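Working notes for the structure below.
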Amino acid sequence: MIIRRLILMVVLGFSIAACDAATVQPRVSFDDQGCASSDTANWPDGALDIEVSNSTTLLGAVIMGTYDEGYGHEDLVAYGNDVSTRPDFMNSLEIFQVPPGSSTLVFDHGPGTFFMACMPDTNTMIVLDDVTIEG
């Protein structure tokens, strides 16, 4: 009886751990309200194939890159959404144009923490969550 309970507890523990580590498909979507991404904390590790969809009639963009030393996500959020001038503390690695419809952004820049932002139009930046890729 004790062994049966122990086995049941081990199986239950593995099931809970498997649920916590569930990955989601990397996605960025544009609509009339702006843009959003799936939960970047649960994106798979390594090179990313990000599904991008744009249900608007405007050309948008997804920008991914790195921060200069000493800067981070909070700095990009504090910069605001007006990008008539580019923040000088970020280095763009990918600027992926997003026409209406759907496409795939392939991001394969190795390990690190990368900012991700989208531009639903040419003057507006929406800061999304950072993406961390392990080595």
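Each chain in the structure tokens gets a letter, A, B, ..., in the order shown, and its residues are numbered from 1; ligands are numbered from 1 in order too.
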
In chain A, what's alpha helix (DSSP H) per DSSP? Answer as a PDB file with C-alpha atoms, in the first residue's frame?
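Below is the file states34.pdb, written as the result:
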```pdb
ATOM      1  CA  ILE A   2       2.800   2.447   0.864  1.00  0.00           C
ATOM      2  CA  ILE A   3       4.666   1.608  -2.348  1.00  0.00           C
ATOM      3  CA  ARG A   4       1.505   2.157  -4.386  1.00  0.00           C
ATOM      4  CA  ARG A   5       1.046   5.617  -2.829  1.00  0.00           C
ATOM      5  CA  LEU A   6       4.697   6.460  -3.409  1.00  0.00           C
ATOM      6  CA  ILE A   7       4.434   5.483  -7.092  1.00  0.00           C
ATOM      7  CA  LEU A   8       1.244   7.532  -7.438  1.00  0.00           C
ATOM      8  CA  MET A   9       2.943  10.578  -5.881  1.00  0.00           C
ATOM      9  CA  VAL A  10       5.950  10.256  -8.216  1.00  0.00           C
ATOM     10  CA  VAL A  11       3.709   9.981 -11.294  1.00  0.00           C
ATOM     11  CA  LEU A  12       1.657  12.974 -10.130  1.00  0.00           C
ATOM     12  CA  GLY A  13       4.842  14.993  -9.543  1.00  0.00           C
ATOM     13  CA  PHE A  14       6.106  14.277 -13.067  1.00  0.00           C
ATOM     14  CA  SER A  15       2.715  15.226 -14.507  1.00  0.00           C
ATOM     15  CA  ILE A  16       2.693  18.575 -12.712  1.00  0.00           C
ATOM     16  CA  ALA A  17       6.280  19.305 -13.772  1.00  0.00           C
ATOM     17  CA  ALA A  18       5.432  18.495 -17.393  1.00  0.00           C
ATOM     18  CA  CYS A  19       2.492  20.926 -17.307  1.00  0.00           C
ATOM     19  CA  ASP A  20       4.659  23.730 -15.922  1.00  0.00           C
ATOM     20  CA  HIS A  73      13.468  46.128 -20.789  1.00  0.00           C
ATOM     21  CA  GLU A  74      12.414  48.862 -18.345  1.00  0.00           C
ATOM     22  CA  ASP A  75      14.440  51.432 -20.280  1.00  0.00           C
ATOM     23  CA  LEU A  76      12.729  50.541 -23.540  1.00  0.00           C
ATOM     24  CA  VAL A  77       9.293  50.708 -21.896  1.00  0.00           C
ATOM     25  CA  ALA A  78      10.179  54.077 -20.331  1.00  0.00           C
ATOM     26  CA  TYR A  79      11.297  55.394 -23.733  1.00  0.00           C
TER      27      TYR A  79
END
```

If we count only C-alpha atoms, what is near Val127 in chain A at a cut-off of 7 Å, once residues fewer than 4 positions away on the same chain are taken out, given as number ranges by chain? A: 77, 116-118

When DSSP is applied to the backbone of this structure, which of chain A are assigned strand (DSSP E)? Write them out as an MDAnalysis selection string. chainID A and resid 27:31 34:37 48:54 60:67 90:98 101:107 112:121 124:127 131:133

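For Asn81 in chain A, the list of residues within 6 Å, based on only C-alpha atoms and with local chain neighbours fewer than 5 positions off taken out, reads Thr124, Met125 and Ile126 of chain A.
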
Given only C-alpha atoms as the basis, pick out the residue of A:Val24, A:Asn123, A:Val98, A:Asp32 nearest to Gly80 in chain A.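 Checking each candidate against Gly80 in chain A, we get A:Asn123 as the closest.
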
With only C-alpha atoms as the counted atoms, please give the residues lying no more than 9 Å from Thr66 in chain A, apart from itself and same-chain residues fewer than 5 positions off, as an MDAnalysis selection string. chainID A and resid 72 89:93 112:116

Which neighbours of range 42-47 of chain A fall inside 8 Å, counting only C-alpha atoms, when residues of the same chain fewer than 4 positions from it are skipped, and could you give them as a PyMOL selection string? chain A and resi 21-26+106-111+133-135

Atoms kept (N, CA and C atoms) for selection, written as a CSV table (one decimal), in the first residue's frame:
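The resulting selection_6.csv:
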```csv
chain,number,residue,atom,x,y,z
A,21,ALA,N,6.2,23.1,-17.7
A,21,ALA,CA,7.2,23.3,-18.7
A,21,ALA,C,6.7,23.3,-20.1
A,22,ALA,N,5.3,23.5,-20.3
A,22,ALA,CA,4.7,23.4,-21.6
A,22,ALA,C,5.2,24.6,-22.4
A,23,THR,N,5.6,24.3,-23.7
A,23,THR,CA,6.0,25.4,-24.5
A,23,THR,C,4.8,25.8,-25.4
A,24,VAL,N,4.9,27.0,-25.9
A,24,VAL,CA,3.8,27.5,-26.8
A,24,VAL,C,4.5,27.9,-28.1
A,25,GLN,N,3.7,28.0,-29.1
A,25,GLN,CA,4.2,28.4,-30.4
A,25,GLN,C,4.5,29.9,-30.4
A,26,PRO,N,5.8,30.3,-30.8
A,26,PRO,CA,6.1,31.7,-30.9
A,26,PRO,C,5.2,32.4,-31.9
A,106,VAL,N,12.3,34.0,-38.9
A,106,VAL,CA,13.3,33.1,-38.3
A,106,VAL,C,14.3,33.9,-37.6
A,107,PHE,N,14.4,33.6,-36.3
A,107,PHE,CA,15.4,34.4,-35.4
A,107,PHE,C,16.4,33.4,-34.9
A,108,ASP,N,17.6,33.5,-35.4
A,108,ASP,CA,18.7,32.5,-35.0
A,108,ASP,C,20.0,33.3,-34.7
A,109,HIS,N,20.0,34.0,-33.6
A,109,HIS,CA,21.2,34.8,-33.3
A,109,HIS,C,21.9,34.3,-32.0
A,110,GLY,N,21.7,33.0,-31.7
A,110,GLY,CA,22.4,32.4,-30.6
A,110,GLY,C,21.8,32.8,-29.2
A,111,PRO,N,22.5,32.4,-28.2
A,111,PRO,CA,22.0,32.6,-26.8
A,111,PRO,C,22.1,34.1,-26.4
A,133,ILE,N,17.1,33.3,-24.8
A,133,ILE,CA,17.5,32.0,-25.4
A,133,ILE,C,18.7,31.5,-24.7
A,134,GLU,N,18.6,30.3,-24.2
A,134,GLU,CA,19.7,29.7,-23.4
A,134,GLU,C,20.7,29.1,-24.4
A,135,GLY,N,21.9,28.9,-23.9
A,135,GLY,CA,23.0,28.4,-24.7
A,135,GLY,C,22.8,27.0,-25.0
```

So which residues touch Gln97 in chain A within 9 Å, counting only C-alpha atoms, skipping near sequence neighbours fewer than 6 positions away, as a list in words?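 Near neighbours after the sequence-gap exclusion: Leu59, Gly60, Ala61, Val62 and Ile63 of chain A.
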
Write the residues you've just listed into a file as a PDB file, in the first residue's frame, and include C-alpha atoms for each of them.
```pdb
ATOM      1  CA  LEU A  59       2.521  47.373 -43.203  1.00  0.00           C
ATOM      2  CA  GLY A  60       3.886  46.638 -39.732  1.00  0.00           C
ATOM      3  CA  ALA A  61       7.237  45.476 -38.388  1.00  0.00           C
ATOM      4  CA  VAL A  62       8.711  43.253 -35.681  1.00  0.00           C
ATOM      5  CA  ILE A  63      12.060  44.422 -34.304  1.00  0.00           C
TER       6      ILE A  63
END
```

In Å to one decimal, how far is CA of Thr57 in chain A from CA of Pro87 in chain A?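 Atom-to-atom, CA of Pro87 in chain A and CA of Thr57 in chain A are spaced 26.9 Å apart.
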
Go ahead and compute the interatomic distance for CA of Pro120 in chain A and CA of Thr132 in chain A, in Å to one decimal. 23.3 Å

For CA of Leu105 in chain A and CA of Val52 in chain A, quote the distance in Å rounded to one decimal.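 CA of Leu105 in chain A sits 6.9 Å away from CA of Val52 in chain A.
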
Skipping near chain neighbours, those fewer than 2 positions away, what residues fall within 8 Å of Val28 in chain A using only C-alpha atoms, listed as a list in words?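 Near Val28 in chain A, the qualifying residues are Pro26, Phe30, Cys35, Ala36, Ser37, Ser38, Ile50, Glu51, Val52 and Ser53 of chain A.
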